[in-house]
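Data block for protein29.txt (compact mmCIF, C-alpha atoms):
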# COMPACT_ATOMS: atom_id res chain seq x y z
CA MET A 1 3.43 -26.10 -37.95
CA GLU A 2 2.78 -22.37 -37.73
CA ILE A 3 3.59 -20.55 -34.46
CA ALA A 4 -0.06 -19.50 -34.11
CA GLU A 5 -1.04 -23.17 -34.17
CA ARG A 6 1.57 -24.18 -31.63
CA ILE A 7 0.83 -21.34 -29.20
CA PRO A 8 -2.92 -20.73 -29.14
CA MET A 9 -3.94 -17.36 -27.73
CA SER A 10 -7.08 -16.81 -25.70
CA ARG A 11 -9.50 -14.44 -27.37
CA GLU A 12 -10.68 -13.35 -23.94
CA PHE A 13 -7.25 -12.61 -22.50
CA ASP A 14 -4.55 -10.72 -24.38
CA LEU A 15 -1.48 -10.28 -22.17
CA PHE A 16 -0.02 -7.35 -24.10
CA GLU A 17 -3.34 -5.56 -24.12
CA ARG A 18 -3.75 -6.14 -20.39
CA MET A 19 -0.29 -4.75 -19.56
CA ALA A 20 -0.54 -1.82 -21.98
CA GLU A 21 -0.03 0.72 -19.17
CA HIS A 22 3.02 -1.12 -17.84
CA GLU A 23 6.65 -1.08 -18.94
CA GLN A 24 7.49 -4.67 -18.09
CA VAL A 25 6.02 -7.85 -16.63
CA VAL A 26 8.31 -10.71 -15.62
CA PHE A 27 7.07 -14.26 -14.99
CA CYS A 28 9.40 -16.11 -12.62
CA ASN A 29 9.42 -19.91 -12.64
CA ASP A 30 11.80 -22.14 -10.68
CA PRO A 31 10.50 -25.74 -10.49
CA SER A 32 13.28 -26.86 -8.14
CA THR A 33 12.05 -24.53 -5.37
CA GLY A 34 8.40 -24.30 -6.41
CA LEU A 35 8.69 -20.57 -7.06
CA ARG A 36 5.97 -19.16 -9.29
CA ALA A 37 5.98 -15.36 -9.18
CA ILE A 38 5.13 -12.29 -11.23
CA ILE A 39 6.99 -8.96 -11.11
CA ALA A 40 5.13 -5.99 -12.62
CA ILE A 41 6.93 -2.72 -13.35
CA HIS A 42 4.44 0.03 -14.05
CA ASN A 43 6.42 3.24 -14.50
CA THR A 44 10.03 4.27 -13.88
CA THR A 45 9.79 7.97 -14.77
CA LEU A 46 10.58 8.99 -11.20
CA GLY A 47 13.17 6.29 -10.62
CA PRO A 48 13.52 2.51 -10.38
CA ALA A 49 10.32 0.68 -9.48
CA LEU A 50 9.65 0.06 -5.81
CA GLY A 51 6.95 -2.15 -4.35
CA GLY A 52 6.44 -4.99 -1.92
CA CYS A 53 6.16 -8.69 -2.61
CA ARG A 54 3.02 -10.42 -1.42
CA MET A 55 2.40 -14.15 -1.23
CA GLN A 56 -0.98 -15.81 -1.40
CA PRO A 57 -2.64 -18.87 -2.99
CA TYR A 58 -4.20 -17.17 -6.00
CA ASN A 59 -6.89 -19.18 -7.75
CA SER A 60 -5.25 -18.67 -11.15
CA VAL A 61 -2.26 -17.09 -12.86
CA GLU A 62 -4.58 -14.48 -14.37
CA GLU A 63 -5.79 -13.53 -10.88
CA ALA A 64 -2.19 -13.16 -9.69
CA LEU A 65 -1.33 -11.07 -12.74
CA GLU A 66 -4.34 -8.82 -12.21
CA ASP A 67 -3.26 -8.21 -8.61
CA ALA A 68 0.34 -7.43 -9.63
CA LEU A 69 -0.74 -5.01 -12.37
CA ARG A 70 -3.25 -3.21 -10.18
CA LEU A 71 -0.91 -2.90 -7.21
CA SER A 72 2.09 -1.78 -9.27
CA LYS A 73 0.10 1.05 -10.82
CA GLY A 74 -0.97 2.10 -7.35
CA MET A 75 2.69 2.19 -6.32
CA SER A 76 3.48 4.67 -9.09
CA TYR A 77 0.91 7.04 -7.62
CA LYS A 78 2.04 6.29 -4.08
CA CYS A 79 5.68 7.06 -4.85
CA ALA A 80 4.69 10.27 -6.63
CA ALA A 81 2.50 11.36 -3.73
CA ALA A 82 5.24 10.64 -1.19
CA ASP A 83 7.76 12.54 -3.37
CA VAL A 84 10.35 9.76 -3.34
CA ASP A 85 12.65 9.10 -6.30
CA PHE A 86 11.05 5.79 -7.24
CA GLY A 87 8.48 4.50 -9.67
CA GLY A 88 5.84 1.86 -9.23
CA GLY A 89 6.26 -1.89 -9.18
CA LYS A 90 4.95 -4.95 -7.37
CA ALA A 91 5.70 -8.65 -7.03
CA VAL A 92 3.39 -11.52 -6.19
CA ILE A 93 4.34 -15.08 -5.29
CA ILE A 94 1.72 -17.74 -5.95
CA GLY A 95 1.59 -20.00 -2.91
CA ASP A 96 0.32 -20.49 0.62
CA PRO A 97 2.43 -18.36 3.00
CA ASN A 98 1.69 -20.80 5.82
CA THR A 99 2.97 -23.93 4.06
CA ASP A 100 4.96 -23.08 0.92
CA LYS A 101 7.75 -20.84 2.21
CA THR A 102 11.34 -22.07 2.15
CA PRO A 103 14.70 -20.29 2.26
CA GLU A 104 15.44 -21.70 -1.19
CA LEU A 105 12.26 -20.23 -2.66
CA PHE A 106 13.15 -16.73 -1.47
CA ARG A 107 16.73 -17.10 -2.69
CA ALA A 108 15.38 -18.04 -6.11
CA PHE A 109 13.09 -15.01 -5.99
CA GLY A 110 16.09 -12.84 -5.14
CA GLN A 111 17.89 -14.13 -8.23
CA PHE A 112 15.00 -13.05 -10.46
CA VAL A 113 14.94 -9.60 -8.82
CA ASN A 114 18.67 -9.31 -9.34
CA SER A 115 18.31 -10.19 -13.02
CA LEU A 116 16.43 -6.89 -13.52
CA GLY A 117 19.64 -4.94 -12.92
CA GLY A 118 18.28 -2.43 -10.41
CA ARG A 119 15.00 -1.69 -12.19
CA PHE A 120 12.98 -3.12 -9.28
CA TYR A 121 13.34 -2.96 -5.48
CA THR A 122 11.09 -4.98 -3.20
CA GLY A 123 10.43 -6.15 0.34
CA THR A 124 7.70 -7.38 2.62
CA ASP A 125 3.98 -7.19 1.89
CA MET A 126 0.89 -9.23 2.69
CA GLY A 127 1.86 -12.85 3.33
CA THR A 128 5.60 -12.15 3.60
CA THR A 129 7.81 -10.97 6.46
CA MET A 130 11.09 -9.12 6.84
CA GLU A 131 12.71 -12.42 7.83
CA ASP A 132 11.73 -14.01 4.49
CA PHE A 133 13.90 -11.54 2.61
CA ILE A 134 16.98 -12.28 4.68
CA HIS A 135 17.34 -15.15 2.21
CA SER A 136 16.61 -13.01 -0.87
CA VAL A 137 19.25 -10.43 0.06
CA LYS A 138 21.90 -13.12 -0.30
CA GLU A 139 21.18 -12.99 -4.04
CA THR A 140 20.49 -9.29 -4.64
CA ASN A 141 21.03 -5.83 -3.17
CA CYS A 142 17.59 -4.75 -4.37
CA ILE A 143 15.78 -5.61 -1.13
CA VAL A 144 14.42 -2.98 1.27
CA GLY A 145 12.66 -3.18 4.61
CA LEU A 146 15.04 -5.68 6.19
CA PRO A 147 15.29 -6.14 9.96
CA ALA A 148 17.58 -3.65 11.67
CA ALA A 149 20.03 -6.44 12.53
CA TYR A 150 20.56 -6.98 8.80
CA GLY A 151 21.12 -3.34 7.94
CA GLY A 152 17.49 -2.40 7.30
CA GLY A 153 15.25 0.24 8.79
CA GLY A 154 13.25 -2.21 10.87
CA ASP A 155 9.52 -2.18 11.48
CA SER A 156 7.86 -0.08 8.76
CA SER A 157 4.49 -0.26 10.52
CA ILE A 158 5.71 2.48 12.88
CA PRO A 159 5.94 5.27 10.26
CA THR A 160 2.89 3.85 8.46
CA ALA A 161 0.78 4.24 11.60
CA ALA A 162 2.28 7.68 12.28
CA GLY A 163 1.31 8.78 8.77
CA VAL A 164 -2.25 7.53 9.22
CA LEU A 165 -2.56 9.54 12.43
CA TYR A 166 -1.30 12.65 10.62
CA GLY A 167 -3.86 12.00 7.88
CA ILE A 168 -6.63 11.67 10.45
CA LYS A 169 -5.50 14.94 12.02
CA ALA A 170 -5.82 16.64 8.62
CA THR A 171 -9.26 15.11 8.18
CA ASN A 172 -10.37 16.34 11.60
CA GLN A 173 -9.10 19.81 10.70
CA VAL A 174 -11.47 19.87 7.71
CA LEU A 175 -14.39 18.30 9.56
CA PHE A 176 -14.19 20.10 12.90
CA GLY A 177 -11.89 23.09 12.38
CA LYS A 178 -9.21 21.59 14.65
CA ASP A 179 -6.93 18.63 14.25
CA ASP A 180 -7.19 17.16 17.75
CA LEU A 181 -7.55 13.37 17.75
CA GLY A 182 -9.30 13.19 21.12
CA GLY A 183 -13.03 13.48 21.69
CA VAL A 184 -13.76 12.01 18.25
CA THR A 185 -15.37 8.62 17.57
CA TYR A 186 -13.67 6.15 15.24
CA ALA A 187 -14.75 2.77 13.84
CA ILE A 188 -11.54 0.77 13.30
CA GLN A 189 -11.53 -2.31 11.09
CA GLY A 190 -8.45 -4.42 11.79
CA LEU A 191 -5.94 -4.41 14.65
CA GLY A 192 -2.87 -5.79 12.93
CA LYS A 193 0.60 -4.26 12.99
CA VAL A 194 -0.60 -0.87 11.74
CA GLY A 195 -4.20 -0.88 12.95
CA SER A 196 -3.23 -1.59 16.55
CA LYS A 197 -0.69 1.25 16.57
CA VAL A 198 -3.27 3.63 15.11
CA ALA A 199 -5.83 2.52 17.70
CA TYR A 200 -3.39 2.90 20.58
CA GLY A 201 -2.39 6.35 19.36
CA LEU A 202 -6.02 7.45 19.22
CA LEU A 203 -6.78 6.06 22.68
CA GLU A 204 -3.85 7.94 24.18
CA GLU A 205 -5.40 11.15 22.85
CA GLY A 206 -8.77 10.35 24.45
CA ALA A 207 -10.63 9.03 21.40
CA HIS A 208 -13.64 6.74 21.50
CA LEU A 209 -13.34 3.57 19.44
CA PHE A 210 -15.52 0.89 17.92
CA VAL A 211 -13.17 -1.94 16.93
CA THR A 212 -13.28 -5.30 15.21
CA ASP A 213 -10.69 -7.93 14.33
CA ILE A 214 -10.50 -11.66 13.65
CA SER A 215 -7.97 -12.04 16.50
CA GLN A 216 -9.41 -12.35 19.98
CA GLU A 217 -5.95 -11.69 21.38
CA SER A 218 -5.82 -8.33 19.61
CA LEU A 219 -9.27 -7.43 20.91
CA ARG A 220 -8.28 -8.29 24.49
CA ALA A 221 -5.12 -6.22 24.11
CA ILE A 222 -7.00 -3.12 22.95
CA GLU A 223 -9.48 -3.44 25.82
CA LYS A 224 -6.56 -3.61 28.26
CA LYS A 225 -4.92 -0.60 26.62
CA ALA A 226 -8.10 1.44 27.00
CA THR A 227 -8.01 1.03 30.79
CA THR A 228 -4.76 3.01 30.90
CA THR A 229 -6.01 5.94 28.81
CA SER A 230 -8.85 8.46 28.78
CA GLY A 231 -10.26 6.86 25.66
CA THR A 232 -12.91 4.15 25.38
CA VAL A 233 -13.31 0.94 23.37
CA LYS A 234 -16.35 -1.05 22.29
CA ILE A 235 -15.89 -4.32 20.41
CA VAL A 236 -18.37 -4.99 17.61
CA ALA A 237 -18.97 -7.87 15.20
CA ARG A 238 -17.00 -7.78 11.95
CA GLU A 239 -20.11 -7.37 9.81
CA ASP A 240 -21.34 -4.48 12.00
CA ILE A 241 -18.28 -2.25 11.77
CA TYR A 242 -19.52 -0.53 8.59
CA SER A 243 -22.77 0.71 10.16
CA GLN A 244 -21.44 2.16 13.40
CA GLN A 245 -22.47 5.69 14.30
CA ALA A 246 -18.99 7.21 14.30
CA ASP A 247 -17.21 10.29 13.02
CA ILE A 248 -14.55 8.45 11.01
CA PHE A 249 -14.30 4.91 9.62
CA VAL A 250 -10.68 3.68 9.82
CA PRO A 251 -10.10 0.64 7.56
CA CYS A 252 -6.83 -1.11 8.49
CA ALA A 253 -7.36 -4.60 7.07
CA LEU A 254 -8.41 -5.81 3.62
CA GLY A 255 -8.83 -3.80 0.44
CA GLY A 256 -12.01 -3.42 -1.60
CA ILE A 257 -14.11 -2.77 1.49
CA ILE A 258 -15.76 0.34 0.01
CA ASN A 259 -18.12 -1.29 -2.46
CA ASP A 260 -21.75 -1.59 -3.51
CA LEU A 261 -22.58 -3.75 -0.47
CA THR A 262 -20.99 -1.53 2.18
CA ILE A 263 -21.20 2.02 0.91
CA ASP A 264 -24.82 2.58 1.91
CA GLN A 265 -24.12 1.22 5.39
CA PHE A 266 -21.61 3.92 6.29
CA ASN A 267 -22.84 6.32 8.93
CA VAL A 268 -19.70 8.45 9.19
CA LYS A 269 -18.37 11.84 8.14
CA ALA A 270 -15.09 10.55 6.73
CA ILE A 271 -13.01 7.47 5.88
CA ALA A 272 -9.29 7.52 6.67
CA GLY A 273 -7.26 4.36 7.25
CA SER A 274 -4.22 2.29 6.32
CA ALA A 275 -5.72 -0.49 4.18
CA ASN A 276 -4.54 -0.65 0.56
CA ASN A 277 -6.97 -0.31 -2.35
CA GLN A 278 -9.95 0.54 -0.14
CA LEU A 279 -12.16 1.50 -3.09
CA LEU A 280 -13.30 -1.54 -5.03
CA ASP A 281 -13.68 0.79 -8.00
CA GLU A 282 -13.00 4.50 -8.48
CA ARG A 283 -16.71 5.11 -8.99
CA HIS A 284 -17.12 4.32 -5.30
CA GLY A 285 -14.94 7.34 -4.56
CA ARG A 286 -17.40 9.48 -6.51
CA LYS A 287 -20.30 7.91 -4.63
CA LEU A 288 -18.66 8.78 -1.31
CA GLN A 289 -18.40 12.36 -2.52
CA GLN A 290 -22.11 12.35 -3.42
CA LYS A 291 -22.94 11.05 0.06
CA GLY A 292 -20.87 13.84 1.64
CA ILE A 293 -18.29 11.44 3.10
CA LEU A 294 -14.73 12.77 3.04
CA TYR A 295 -12.25 10.14 1.82
CA ALA A 296 -8.50 10.19 2.49
CA PRO A 297 -6.91 8.41 -0.51
CA ASP A 298 -5.27 5.27 0.83
CA TYR A 299 -2.01 5.47 -1.08
CA ILE A 300 -1.28 8.89 0.44
CA ILE A 301 -2.35 8.36 4.03
CA ASN A 302 -0.59 4.99 4.35
CA SER A 303 2.68 5.99 2.68
CA GLY A 304 4.78 6.23 5.86
CA GLY A 305 6.14 2.71 5.38
CA LEU A 306 7.05 3.47 1.77
CA ILE A 307 8.87 6.61 2.90
CA GLN A 308 10.97 4.51 5.29
CA VAL A 309 11.96 1.79 2.84
CA ALA A 310 12.75 4.32 0.12
CA ASP A 311 14.84 6.34 2.54
CA GLU A 312 16.73 3.19 3.56
CA LEU A 313 18.80 3.28 0.39
CA TYR A 314 20.25 6.64 1.40
CA GLY A 315 21.28 5.37 4.85
CA ILE A 316 19.16 4.65 7.93
CA ASN A 317 17.85 7.86 9.54
CA HIS A 318 14.61 7.51 11.50
CA GLU A 319 14.37 11.23 12.29
CA ARG A 320 14.47 12.02 8.57
CA VAL A 321 11.76 9.43 7.90
CA LEU A 322 9.42 10.76 10.58
CA ALA A 323 10.01 14.35 9.46
CA LYS A 324 8.98 13.45 5.93
CA THR A 325 6.05 11.40 7.19
CA LYS A 326 4.64 14.55 8.79
CA HIS A 327 4.09 15.96 5.29
CA ILE A 328 1.26 13.43 4.84
CA TYR A 329 -0.81 15.94 6.83
CA ASP A 330 -0.19 18.64 4.21
CA ALA A 331 -0.70 16.26 1.27
CA ILE A 332 -4.10 15.14 2.54
CA LEU A 333 -5.18 18.75 3.10
CA GLU A 334 -4.10 19.64 -0.44
CA VAL A 335 -6.09 16.73 -1.90
CA TYR A 336 -9.19 17.84 0.02
CA ARG A 337 -8.71 21.43 -1.11
CA MET A 338 -8.32 20.60 -4.80
CA SER A 339 -11.25 18.19 -4.64
CA GLU A 340 -13.50 20.97 -3.40
CA ILE A 341 -12.19 23.55 -5.86
CA ASN A 342 -12.57 21.27 -8.88
CA GLY A 343 -15.77 19.53 -7.79
CA ILE A 344 -14.25 16.06 -8.12
CA SER A 345 -13.78 13.14 -5.75
CA THR A 346 -10.75 13.11 -3.49
CA MET A 347 -9.43 10.00 -5.28
CA GLU A 348 -9.63 11.79 -8.63
CA SER A 349 -7.94 14.80 -7.05
CA ALA A 350 -5.11 12.62 -5.71
CA ASN A 351 -4.65 10.82 -9.03
CA GLN A 352 -4.45 14.10 -10.93
CA MET A 353 -1.88 15.44 -8.47
CA CYS A 354 0.30 12.35 -8.90
CA GLU A 355 -0.04 12.18 -12.68
CA LYS A 356 0.97 15.84 -12.95
CA ARG A 357 3.98 15.24 -10.71
CA ILE A 358 5.13 12.26 -12.80
CA GLN A 359 4.67 14.22 -16.01
CA ASN A 360 6.53 17.29 -14.74
CA ARG A 361 9.37 15.29 -13.23
CA GLY A 362 9.82 13.38 -16.47
CA LYS A 363 10.35 16.68 -18.29
CA GLN A 364 12.83 18.00 -15.74
CA ASN A 365 15.44 15.28 -15.70
CA GLY A 366 16.38 11.76 -16.66
CA PHE A 367 17.17 10.54 -13.15
CA TYR A 368 16.85 6.94 -14.18
CA SER A 369 16.63 4.86 -17.29
CA ALA A 370 16.93 1.17 -17.97
CA SER A 371 20.49 1.68 -19.21
CA MET A 372 21.62 3.38 -15.98
CA LYS A 373 22.72 1.69 -12.81
CA PRO A 374 21.24 2.92 -9.50
CA LYS A 375 23.45 5.58 -7.97
CA TRP A 376 23.34 4.33 -4.38
CA SER A 377 26.00 2.41 -2.50
CA PHE A 378 24.63 -0.73 -0.90
CA ARG A 379 24.98 -2.54 2.38
CA TYR A 380 26.38 -5.78 0.97
Produce structure tokens that represent the structure in this file.
Amino acid sequence: MEIAERIPMSREFDLFERMAEHEQVVFCNDPSTGLRAIIAIHNTTLGPALGGCRMQPYNSVEEALEDALRLSKGMSYKCAAADVDFGGGKAVIIGDPNTDKTPELFRAFGQFVNSLGGRFYTGTDMGTTMEDFIHSVKETNCIVGLPAAYGGGGDSSIPTAAGVLYGIKATNQVLFGKDDLGGVTYAIQGLGKVGSKVAYGLLEEGAHLFVTDISQESLRAIEKKATTTSGTVKIVAREDIYSQQADIFVPCALGGIINDLTIDQFNVKAIAGSANNQLLDERHGRKLQQKGILYAPDYIINSGGLIQVADELYGINHERVLAKTKHIYDAILEVYRMSEINGISTMESANQMCEKRIQNRGKQNGFYSASMKPKWSFRY
């Protein structure tokens, strides 16, 4: 029997065509632990690939692959924008994070990461926690973002939130001619680890907030926080957050929330928040530009956590991380400036900036190649 007969290929789905922009895609299967995962390495021009590992019950393998490919490409841009010596990668585990996690599963995942020989570093993302990777690090040194007790940098939501606040300051500078956070109205979607810290930071500066979240506990907490500050809080329904009369919409929850259904509801001057992949499609970035809404590209404004986990491999130094996180302010201003000069959307401006940086860095040196071992010394 011919190979083509034994292994039929879908005419609608060609794996090699789909991953044409990527260097490598690894399918990880371990029946004994139930592990089914995909690791996507997009580009290692700047260094070994770095990206979190998310876990969710995808409806199909193709859906999981699509997520891994899309997110890993975004990490290439994010690493370039943050000026860290890493490329873009991402991992996804197919499974329910509430019921399918076991120590054995994460040890098996660590073995697959280790098999890549330092080409890919990973850690927590949606559906996974720092504690999950305590098991993975028993199998590989290529884990970042561990708890401080295990030699990691600890809670990465702290620099992420700090970076978002710097990005909002830069946005206010463009909108109002000053970067004060107080006296401005914000519509915040999501009060999770990052969103709550952003909201608290704004309240302490005297901001006025519209907020929404699926957690009643988080909503009660933000109301209590407001009583100790000069800021104010109004809770609104989840479906109403897009249409609030505010200065800035601050998405800190799910991605894809700037889309054909929501974009005409926005009644704001700018959008600046921590959520990943906020634009459902890049054309929505152009539509925001047409509507006169300033958009802070998500992979730049939310890169504080990336800066911390990348810095971890050089030794824990929180002051160094926060100092570098402050540069998010300058990066956002530069994106806005080049967008205006070139008459393009801010997302296009950010992408061009990152692509140019990757191209130029690739010409300057060969910091990393598949045949080289990472040059860091590890914790274990």
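The list of residues within 9 Å of (9.7, -17.0, -4.5), counted using only C-alpha atoms, is Cys28, Asn29, Asp30, Thr33, Gly34, Leu35, Arg36, Ala37, Met55, Val92, Ile93, Ile94, Gly95, Lys101, Thr102, Glu104, Leu105, Phe106, Arg107, Ala108, Phe109, Gly110, Phe112 and Ser136 of chain A.
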Range 296-299 of chain A surroundings by only C-alpha atoms, 10 Å radius, close-in-sequence under 2 positions cut, as a PDB file with C-alpha atoms, in the coordinates of the input:
ATOM      1  CA  GLY A  74      -0.970   2.100  -7.350  1.00  0.00           C
ATOM      2  CA  MET A  75       2.690   2.190  -6.320  1.00  0.00           C
ATOM      3  CA  SER A  76       3.480   4.670  -9.090  1.00  0.00           C
ATOM      4  CA  TYR A  77       0.910   7.040  -7.620  1.00  0.00           C
ATOM      5  CA  LYS A  78       2.040   6.290  -4.080  1.00  0.00           C
ATOM      6  CA  CYS A  79       5.680   7.060  -4.850  1.00  0.00           C
ATOM      7  CA  ALA A  80       4.690  10.270  -6.630  1.00  0.00           C
ATOM      8  CA  ALA A  81       2.500  11.360  -3.730  1.00  0.00           C
ATOM      9  CA  ALA A  82       5.240  10.640  -1.190  1.00  0.00           C
ATOM     10  CA  VAL A 164      -2.250   7.530   9.220  1.00  0.00           C
ATOM     11  CA  GLY A 167      -3.860  12.000   7.880  1.00  0.00           C
ATOM     12  CA  ILE A 168      -6.630  11.670  10.450  1.00  0.00           C
ATOM     13  CA  ALA A 170      -5.820  16.640   8.620  1.00  0.00           C
ATOM     14  CA  THR A 171      -9.260  15.110   8.180  1.00  0.00           C
ATOM     15  CA  PRO A 251     -10.100   0.640   7.560  1.00  0.00           C
ATOM     16  CA  GLY A 255      -8.830  -3.800   0.440  1.00  0.00           C
ATOM     17  CA  ALA A 270     -15.090  10.550   6.730  1.00  0.00           C
ATOM     18  CA  ILE A 271     -13.010   7.470   5.880  1.00  0.00           C
ATOM     19  CA  ALA A 272      -9.290   7.520   6.670  1.00  0.00           C
ATOM     20  CA  GLY A 273      -7.260   4.360   7.250  1.00  0.00           C
ATOM     21  CA  SER A 274      -4.220   2.290   6.320  1.00  0.00           C
ATOM     22  CA  ALA A 275      -5.720  -0.490   4.180  1.00  0.00           C
ATOM     23  CA  ASN A 276      -4.540  -0.650   0.560  1.00  0.00           C
ATOM     24  CA  ASN A 277      -6.970  -0.310  -2.350  1.00  0.00           C
ATOM     25  CA  GLN A 278      -9.950   0.540  -0.140  1.00  0.00           C
ATOM     26  CA  LEU A 279     -12.160   1.500  -3.090  1.00  0.00           C
ATOM     27  CA  GLY A 285     -14.940   7.340  -4.560  1.00  0.00           C
ATOM     28  CA  ILE A 293     -18.290  11.440   3.100  1.00  0.00           C
ATOM     29  CA  LEU A 294     -14.730  12.770   3.040  1.00  0.00           C
ATOM     30  CA  ILE A 301      -2.350   8.360   4.030  1.00  0.00           C
ATOM     31  CA  ASN A 302      -0.590   4.990   4.350  1.00  0.00           C
ATOM     32  CA  SER A 303       2.680   5.990   2.680  1.00  0.00           C
ATOM     33  CA  GLY A 304       4.780   6.230   5.860  1.00  0.00           C
ATOM     34  CA  LEU A 306       7.050   3.470   1.770  1.00  0.00           C
ATOM     35  CA  ALA A 331      -0.700  16.260   1.270  1.00  0.00           C
ATOM     36  CA  ILE A 332      -4.100  15.140   2.540  1.00  0.00           C
ATOM     37  CA  LEU A 333      -5.180  18.750   3.100  1.00  0.00           C
ATOM     38  CA  VAL A 335      -6.090  16.730  -1.900  1.00  0.00           C
ATOM     39  CA  TYR A 336      -9.190  17.840   0.020  1.00  0.00           C
ATOM     40  CA  SER A 345     -13.780  13.140  -5.750  1.00  0.00           C
ATOM     41  CA  THR A 346     -10.750  13.110  -3.490  1.00  0.00           C
ATOM     42  CA  MET A 347      -9.430  10.000  -5.280  1.00  0.00           C
ATOM     43  CA  GLU A 348      -9.630  11.790  -8.630  1.00  0.00           C
ATOM     44  CA  SER A 349      -7.940  14.800  -7.050  1.00  0.00           C
ATOM     45  CA  ALA A 350      -5.110  12.620  -5.710  1.00  0.00           C
ATOM     46  CA  ASN A 351      -4.650  10.820  -9.030  1.00  0.00           C
TER      47      ASN A 351
END
Find the residues around range 62-65 of chain A up to 10 Å (all atoms listed in the file counted), leave out those fewer than 3 positions away in its own chain, and share them as a PyMOL selection string.
chain A and resi 13+15+18-19+25+27+37-40+55-59+68-71+91-94
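Our summary of the geometry notes that CA of Val137 in chain A is positioned 9.2 Å from CA of Gln111 in chain A.
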Looking at A:Tyr166, A:Phe176, A:Tyr314, A:Tyr121, which one is nearest to Lys269 in chain A, with distances taken over only C-alpha atoms?
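Residue with the minimum atom-to-atom distance to Lys269 in chain A: A:Phe176.
Here the selection is built from all atoms listed in the file, and the residues within 9 Å of (6.1, 12.8, 7.6) turn out to be A:Pro159, A:Ala162, A:Gly163, A:Tyr166, A:Gly304, A:Ile307, A:Arg320, A:Val321, A:Leu322, A:Ala323, A:Lys324, A:Thr325, A:Lys326, A:His327, A:Ile328, A:Tyr329.
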Spatial neighbours of Gly201 in chain A, max dist 9 Å, all atoms listed in the file, sep filter under 5 positions, as a ChimeraX atom specification:
/A:161-162,165,181,196,207
Got a sec: who's within 12 Å of Ala148 in chain A, counting all atoms listed in the file, leaving out chain neighbours fewer than 2 positions off, as a PyMOL selection string?
chain A and resi 130-131+134+144-146+150-156+309+312+315-318+379
Please indicate the distance in Å from CA of Leu313 in chain A to CA of Lys73 in chain A, rounded to one decimal place.
21.9 Å
Separation of CA of Asp311 in chain A from CA of Val113 in chain A in Å:
19.6 Å
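Counting only C-alpha atoms and comparing A:Asp180, A:Asp260, A:Glu23, A:Glu334, the residue that lies closest to Gly88 in chain A is A:Glu23.
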Give the answer as one residue: which of A:Leu288, A:Cys53, A:Val194, A:Leu203 has the shortest atom-to-atom distance to Thr228 in chain A, using all atoms listed in the file?
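Among the listed residues, the smallest separation from Thr228 in chain A belongs to A:Leu203.
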Using only C-alpha atoms, find the one residue out of A:Ala310, A:Asp264, A:Gln173, A:Ser218 that sits nearest to Lys291 in chain A.
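Ranking A:Ala310, A:Asp264, A:Gln173, A:Ser218 by distance to Lys291 in chain A, first place goes to A:Asp264.
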Nearest to Gln24 in chain A among A:Thr99, A:Ser339, A:Val61, A:Leu116, with distances taken over all atoms listed in the file: which residue is it?
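Closest residue, counting all atoms listed in the file: A:Leu116.
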